[in-house]
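Pasted below: input_31.txt, compact mmCIF, C-alpha atoms.
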```txt
# COMPACT_ATOMS: atom_id res chain seq x y z
CA MET M 10 -22.30 -3.51 15.68
CA PRO M 11 -20.19 -0.35 15.28
CA CYS M 12 -19.60 -1.25 11.66
CA ASN M 13 -22.13 0.14 9.22
CA GLY M 14 -24.84 -2.39 8.47
CA SER M 15 -24.79 -1.72 4.74
CA LEU M 16 -21.59 -3.75 4.52
CA SER M 17 -22.97 -6.88 6.18
CA GLY M 18 -23.78 -9.87 4.00
CA ASN M 19 -22.44 -13.12 2.67
CA ALA M 20 -18.77 -12.31 2.08
CA LEU M 21 -18.15 -15.70 0.48
CA SER M 22 -20.39 -14.85 -2.44
CA LEU M 23 -18.12 -11.90 -3.23
CA LEU M 24 -15.05 -13.98 -3.98
CA SER M 25 -15.96 -13.78 -7.66
CA LEU M 26 -16.26 -9.99 -7.66
CA THR M 27 -12.78 -9.37 -9.06
CA ILE M 28 -13.39 -11.75 -11.97
CA LEU M 29 -16.85 -10.33 -12.55
CA THR M 30 -15.52 -6.78 -12.51
CA ILE M 31 -12.90 -7.57 -15.15
CA LEU M 32 -15.25 -9.55 -17.38
CA SER M 33 -18.05 -7.01 -17.14
CA PHE M 34 -15.83 -4.26 -18.52
CA VAL M 35 -14.39 -6.43 -21.24
CA LEU M 36 -17.80 -7.67 -22.37
CA LEU M 37 -20.24 -4.98 -21.22
CA PRO M 38 -21.15 -2.51 -23.99
CA LEU M 39 -19.98 0.98 -23.11
CA THR M 40 -23.47 2.27 -23.87
CA LYS M 41 -24.58 0.91 -20.50
CA PRO M 42 -23.70 3.48 -17.85
CA SER M 43 -23.50 1.10 -14.90
CA LEU M 44 -23.83 -2.43 -13.65
CA ARG M 45 -25.09 -3.31 -10.17
CA TRP M 46 -23.67 -6.37 -8.47
CA MET M 47 -24.44 -7.18 -4.82
CA SER M 48 -23.92 -3.88 -2.95
CA PHE M 49 -21.57 -2.41 -5.54
CA LYS M 50 -22.54 -0.18 -8.44
CA LEU M 51 -19.96 -0.45 -11.20
CA SER M 52 -19.72 2.48 -13.61
CA SER M 53 -18.60 1.58 -17.13
CA ARG M 54 -18.20 5.22 -18.12
CA MET M 55 -16.08 6.38 -15.20
CA LEU M 56 -14.53 2.94 -14.56
CA VAL M 57 -15.05 3.32 -10.82
CA CYS M 58 -16.41 1.02 -8.16
CA PRO M 59 -17.92 3.00 -5.24
CA LEU M 60 -18.06 1.42 -1.80
CA PRO M 61 -21.46 1.73 -0.06
CA TRP M 62 -20.03 3.15 3.16
CA THR M 63 -21.01 6.08 5.35
CA SER M 64 -18.89 6.04 8.50
CA TRP M 65 -16.90 3.62 10.59
CA ARG M 66 -15.27 3.44 13.99
CA ALA M 67 -13.13 0.81 15.66
CA PRO M 68 -14.66 -1.37 18.38
CA ALA M 69 -13.80 -0.99 22.06
CA ARG M 70 -10.84 -2.76 23.67
CA LYS M 71 -12.89 -5.94 23.98
CA CYS M 72 -15.41 -7.65 21.75
CA THR M 73 -16.93 -11.09 21.33
CA LYS M 74 -15.69 -13.52 18.71
CA ARG M 75 -19.01 -13.08 16.89
CA GLU M 76 -18.50 -9.31 16.74
CA LEU M 77 -14.91 -9.68 15.58
CA LEU M 78 -15.87 -12.12 12.81
CA SER M 79 -18.60 -9.74 11.69
CA LEU M 80 -16.08 -6.91 11.56
CA ILE M 81 -13.60 -9.06 9.62
CA GLY M 82 -16.36 -9.92 7.14
CA SER M 83 -17.21 -6.26 6.67
CA LEU M 84 -13.59 -5.24 6.16
CA SER M 85 -13.04 -8.18 3.78
CA PHE M 86 -16.03 -6.90 1.83
CA ALA M 87 -14.46 -3.44 1.73
CA CYS M 88 -11.19 -4.95 0.46
CA LYS M 89 -12.97 -5.85 -2.78
CA VAL M 90 -12.73 -2.15 -3.52
CA ILE M 91 -9.85 -1.12 -1.21
CA ARG M 92 -7.39 -3.78 -2.32
CA PRO M 93 -4.38 -2.61 -0.23
CA GLY M 94 -6.50 -3.06 2.90
CA ARG M 95 -5.89 -6.80 2.87
CA ILE M 96 -2.52 -6.35 4.56
CA PHE M 97 -4.30 -5.07 7.69
CA LEU M 98 -6.65 -8.04 8.05
CA ARG M 99 -4.19 -10.81 8.89
CA ARG M 100 -3.83 -10.05 12.60
CA LEU M 101 -7.59 -9.70 13.04
CA ILE M 102 -8.12 -13.11 11.46
CA ASP M 103 -5.43 -14.68 13.66
CA LEU M 104 -6.93 -13.10 16.78
CA SER M 105 -10.39 -14.47 15.97
CA SER M 106 -9.08 -18.03 16.36
CA SER M 107 -7.81 -17.40 19.90
CA VAL M 108 -11.16 -18.42 21.45
CA VAL M 109 -13.65 -21.15 20.54
CA ARG M 110 -17.16 -19.96 21.34
CA LEU M 111 -18.79 -17.10 19.48
CA ASN M 112 -19.90 -15.43 22.72
CA HIS M 113 -16.43 -15.50 24.29
CA HIS M 114 -14.79 -12.11 24.73
CA ILE M 115 -11.47 -11.27 23.10
CA ASP M 116 -9.01 -8.61 24.24
CA LEU M 117 -7.86 -6.54 21.27
CA THR M 118 -4.06 -6.41 21.32
CA SER M 119 -2.18 -3.16 20.80
CA ASP M 120 -1.06 -4.32 17.33
CA VAL M 121 -4.63 -5.12 16.33
CA ARG M 122 -5.81 -1.76 17.58
CA LEU M 123 -3.15 -0.04 15.48
CA ASP M 124 -4.49 -1.88 12.43
CA LEU M 125 -8.04 -0.82 13.31
CA GLU M 126 -6.95 2.78 13.79
CA MET M 127 -5.48 2.73 10.28
CA TRP M 128 -8.79 1.43 8.93
CA SER M 129 -10.73 4.02 10.91
CA GLU M 130 -8.68 6.98 9.74
CA PHE M 131 -8.65 5.82 6.15
CA LEU M 132 -12.32 4.90 5.81
CA ASN M 133 -13.51 8.12 7.41
CA SER M 134 -11.39 10.26 5.07
CA TRP M 135 -11.62 8.25 1.82
CA ASN M 136 -13.66 9.48 -1.14
CA GLY M 137 -15.46 6.14 -1.40
CA SER M 138 -14.49 5.02 -4.92
CA SER M 139 -11.85 2.81 -6.46
CA PHE M 140 -10.90 2.70 -10.11
CA ILE M 141 -11.53 -0.59 -11.85
CA PRO M 142 -8.40 -1.97 -13.55
CA THR M 143 -8.39 -1.36 -17.29
CA PRO M 144 -6.97 -3.87 -19.78
CA ILE M 145 -3.83 -1.71 -19.96
CA SER M 146 -3.27 -1.79 -16.20
CA LEU M 147 -3.80 -5.55 -16.21
CA GLN M 148 -0.75 -6.00 -18.41
CA ALA M 149 2.86 -6.02 -17.19
CA PRO M 150 3.34 -3.96 -14.02
CA PHE M 151 5.68 -1.01 -13.72
CA GLU M 152 9.00 -1.87 -12.09
CA ILE M 153 10.94 0.37 -9.71
CA SER M 154 14.43 -0.35 -8.42
CA THR M 155 15.39 1.18 -5.08
CA ASP M 156 18.34 1.07 -2.71
CA ALA M 157 19.68 2.95 0.29
CA SER M 158 23.01 3.46 2.02
CA PHE M 159 24.09 5.64 4.91
CA LEU M 160 25.14 8.23 2.31
CA GLY M 161 21.79 8.54 0.56
CA PHE M 162 19.12 6.69 -1.40
CA GLY M 163 18.61 5.89 -5.05
CA CYS M 164 15.62 4.94 -7.21
CA PHE M 165 15.27 4.06 -10.89
CA PHE M 166 12.14 3.91 -13.04
CA GLN M 167 12.11 3.70 -16.85
CA GLY M 168 15.09 6.02 -17.30
CA LEU M 169 14.02 8.38 -14.53
CA TRP M 170 16.16 8.40 -11.41
CA ILE M 171 16.70 9.77 -7.93
CA SER M 172 20.05 10.14 -6.16
CA GLU M 173 19.46 11.99 -2.92
CA ALA M 174 21.88 12.53 -0.03
CA TRP M 175 20.43 12.36 3.46
CA PRO M 176 19.90 15.90 4.81
CA PHE M 177 21.55 14.91 8.11
CA ASP M 178 23.61 12.05 9.55
CA VAL M 179 21.24 9.09 9.78
CA SER M 180 23.79 6.45 10.79
CA LEU M 181 23.16 6.85 14.53
CA LEU M 182 19.42 7.48 14.25
CA THR M 183 18.08 4.44 12.42
CA HIS M 184 18.90 1.21 10.60
CA ILE M 185 19.35 0.35 6.94
CA SER M 186 15.97 -1.38 6.58
CA PHE M 187 14.18 1.84 7.51
CA LEU M 188 16.26 3.75 4.97
CA GLU M 189 15.47 1.15 2.29
CA PHE M 190 11.78 1.48 3.07
CA PHE M 191 12.02 5.26 2.97
CA ALA M 192 13.58 5.07 -0.51
CA ILE M 193 10.51 3.16 -1.69
CA PHE M 194 8.19 5.71 -0.10
CA ALA M 195 10.11 8.53 -1.79
CA SER M 196 9.95 6.88 -5.22
CA LEU M 197 6.17 6.36 -4.99
CA ASN M 198 5.60 9.99 -4.08
CA THR M 199 8.00 11.34 -6.70
CA TRP M 200 6.45 9.46 -9.64
CA LEU M 201 2.92 9.18 -8.27
CA LYS M 202 1.23 10.61 -11.39
CA SER M 203 2.58 7.69 -13.43
CA PHE M 204 1.43 5.07 -10.94
CA SER M 205 -2.26 5.78 -10.32
CA ASN M 206 -4.53 2.83 -11.20
CA CYS M 207 -1.52 0.62 -11.95
CA ARG M 208 0.37 -2.35 -10.61
CA ILE M 209 3.85 -1.63 -9.26
CA VAL M 210 6.63 -4.09 -8.45
CA VAL M 211 9.45 -2.72 -6.30
CA SER M 212 12.80 -4.49 -6.68
CA THR M 213 15.03 -4.25 -3.61
CA ASP M 214 18.08 -6.17 -2.41
CA ASN M 215 16.99 -5.81 1.22
CA GLU M 216 15.09 -8.94 2.32
CA PRO M 217 13.75 -7.51 5.62
CA THR M 218 11.98 -4.80 3.64
CA VAL M 219 10.13 -7.41 1.59
CA SER M 220 9.22 -9.34 4.73
CA VAL M 221 7.89 -6.25 6.50
CA TRP M 222 5.58 -5.37 3.62
CA SER M 223 4.38 -8.96 3.28
CA SER M 224 3.48 -9.18 6.96
CA SER M 225 2.43 -5.51 7.33
CA SER M 226 4.07 -5.76 10.73
CA SER M 227 7.18 -4.40 12.39
CA LYS M 228 8.20 -3.83 15.99
CA ASP M 229 9.92 -0.66 14.82
CA LYS M 230 7.51 2.26 15.20
CA SER M 231 9.28 4.30 12.53
CA MET M 232 8.78 1.46 10.04
CA MET M 233 5.09 1.30 10.91
CA VAL M 234 4.77 5.01 10.16
CA LEU M 235 6.03 4.35 6.63
CA ILE M 236 3.83 1.28 6.18
CA ARG M 237 0.83 3.38 7.17
CA LYS M 238 1.80 6.19 4.79
CA ILE M 239 2.33 3.79 1.89
CA PHE M 240 -0.97 2.05 2.63
CA PHE M 241 -2.88 5.34 2.41
CA LEU M 242 -0.96 6.39 -0.70
CA THR M 243 -1.62 3.16 -2.59
CA ALA M 244 -5.25 2.90 -1.49
CA ARG M 245 -6.15 6.48 -2.40
CA ASN M 246 -4.48 6.18 -5.79
CA ASN M 247 -5.62 2.61 -6.50
CA ILE M 248 -2.08 1.25 -6.75
CA HIS M 249 -1.46 -2.48 -6.42
CA LEU M 250 1.99 -2.63 -4.82
CA SER M 251 4.23 -5.67 -4.38
CA PHE M 252 7.87 -6.08 -3.41
CA ARG M 253 10.44 -8.39 -4.99
CA HIS M 254 13.81 -9.31 -3.55
CA VAL M 255 16.72 -9.28 -6.01
CA PRO M 256 20.44 -9.95 -5.49
CA GLY M 257 22.60 -6.86 -5.14
CA SER M 258 24.29 -7.73 -8.42
CA GLU M 259 20.95 -7.18 -10.20
CA ASN M 260 20.28 -3.85 -8.51
CA VAL M 261 23.22 -1.96 -10.00
CA PHE M 262 21.46 1.27 -11.02
CA ALA M 263 19.80 1.90 -7.66
CA ASP M 264 22.94 0.83 -5.80
CA LEU M 265 25.12 3.38 -7.60
CA LEU M 266 22.51 6.09 -7.10
CA SER M 267 22.23 5.37 -3.37
CA ARG M 268 26.01 5.81 -3.06
CA LEU M 269 25.73 9.12 -4.93
CA GLN M 270 27.90 7.78 -7.78
CA VAL M 271 25.89 9.59 -10.44
CA GLU M 272 28.57 9.77 -13.13
CA GLU M 273 29.24 6.04 -12.92
CA PHE M 274 25.48 5.41 -13.07
CA LYS M 275 25.22 7.48 -16.26
CA SER M 276 28.09 5.55 -17.81
CA VAL M 277 26.30 2.21 -17.33
CA CYS M 278 22.88 3.67 -18.20
CA PRO M 279 23.54 6.06 -21.11
CA GLY M 280 19.86 6.29 -22.04
CA CYS M 281 18.76 7.69 -18.68
CA CYS M 282 17.26 11.12 -18.17
CA PRO M 283 20.10 13.68 -17.88
CA PHE M 284 18.71 15.17 -14.68
CA PRO M 285 17.32 13.59 -11.51
CA SER M 286 13.65 13.67 -10.56
CA THR M 287 12.83 16.02 -7.70
CA VAL M 288 11.70 14.40 -4.47
CA PRO M 289 8.78 16.38 -2.94
CA ASN M 290 9.75 18.51 0.06
CA SER M 291 6.98 16.88 2.09
CA VAL M 292 8.76 13.53 1.77
CA MET M 293 12.03 14.83 3.18
CA ASP M 294 10.13 16.72 5.87
CA LEU M 295 8.60 13.42 6.96
CA LEU M 296 12.07 11.93 7.34
CA ALA M 297 13.03 14.72 9.74
CA THR M 298 9.77 14.32 11.64
CA ILE M 299 10.27 10.58 12.13
CA LEU M 300 13.97 10.58 13.00
CA LEU M 301 14.42 13.97 14.65
CA GLY M 302 10.93 14.59 15.95
CA SER M 303 10.86 17.97 14.24
```
Take the structure in the file and write it out as structure tokens.
Amino acid sequence: MPCNGSLSGNALSLLSLTILTILSFVLLPLTKPSLRWMSFKLSSRMLVCPLPWTSWRAPARKCTKRELLSLIGSLSFACKVIRPGRIFLRRLIDLSSSVVRLNHHIDLTSDVRLDLEMWSEFLNSWNGSSFIPTPISLQAPFEISTDASFLGFGCFFQGLWISEAWPFDVSLLTHISFLEFFAIFASLNTWLKSFSNCRIVVSTDNEPTVSVWSSSSSKDKSMMVLIRKIFFLTARNNIHLSFRHVPGSENVFADLLSRLQVEEFKSVCPGCCPFPSTVPNSVMDLLATILLGS
């Protein structure tokens, strides 16, 4: 198998790993430097869980059902440490049920290969460790509110805010769902230092955005670029990200900010920071790259 053999094993026995990880660091005396469980070595001093992985490459365009199931098991194993990776397993699992016999060959679809390419690039560039959630990070998640219009995008987080006009006319280049997704990407990058090793809930009034993240699938290539970027960002910084749909009437702050109505926003949120947070230049450069190809 192309997948490294150190990840093979009984994946079912690892279903309790998350519970064990939490309990071990609640109950384990901090005098013990590490705890070994299955193929993982859990460090109680650094609060990290390294993945025993050396290198990985995607299989060819065809494989047997047995090979695909083995790969799914290995990647499921890896998801115990790389939690955001679960969103890129669904299509592999669905594909594995397309034939009956284990020795039957399966053609890997273009969508499945894109998922495998994401895994390949990430696993071969990742530092190999994931932070174990602390009791603090297991409490209430951080909440971000985001919104987008054809004027700009707005984001709100604990008094911090973004109200950014698009650097060029986007109305003829893309659709509102992409812009909504971009607002989320911008907020994560802008406040990244606050989000590492935490759970984040993004509130948006755009239902397609929630659906895209839940399925990790979109026919729109520009959307898939953002999904891929957010996947890498959350995985590398150990962020557990979820989306929540809210009615527009409950998304007032982000809505005003996306329409560049800053003074009205400040009037309804008097305790907010007086100045906006600065969106990294690299984020806006990515927007131009995706929509303008420059």
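Between atom CA of M:Cys164 and atom CA of M:Ser196 there is a distance of 6.3 Å.
Using only C-alpha atoms, the smallest distance between any of M:Ser231, M:Ser225, M:Asn247, M:Ser180 and M:Lys202 comes from M:Asn247.
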**Q.** Counting only C-alpha atoms, the residue of M:Thr118, M:Ser205, M:Ser186, M:Asn246 that sits nearest M:Val219
**A.** M:Ser186
(Q) Ranking M:Leu197, M:Ile102, M:Ile96, M:Val221 by minimum distance to M:Pro289 and counting all atoms listed in the file, which one comes first? (A) M:Leu197
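Across the structure, atom CA of M:Ser220 and atom CA of M:Arg99 are spaced 14.1 Å apart.
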Q) Out of M:Glu189, M:Leu182, M:Thr298, M:Lys230, which residue has the shortest atom-to-atom distance to M:Asp120 when counting all atoms listed in the file? A) M:Lys230
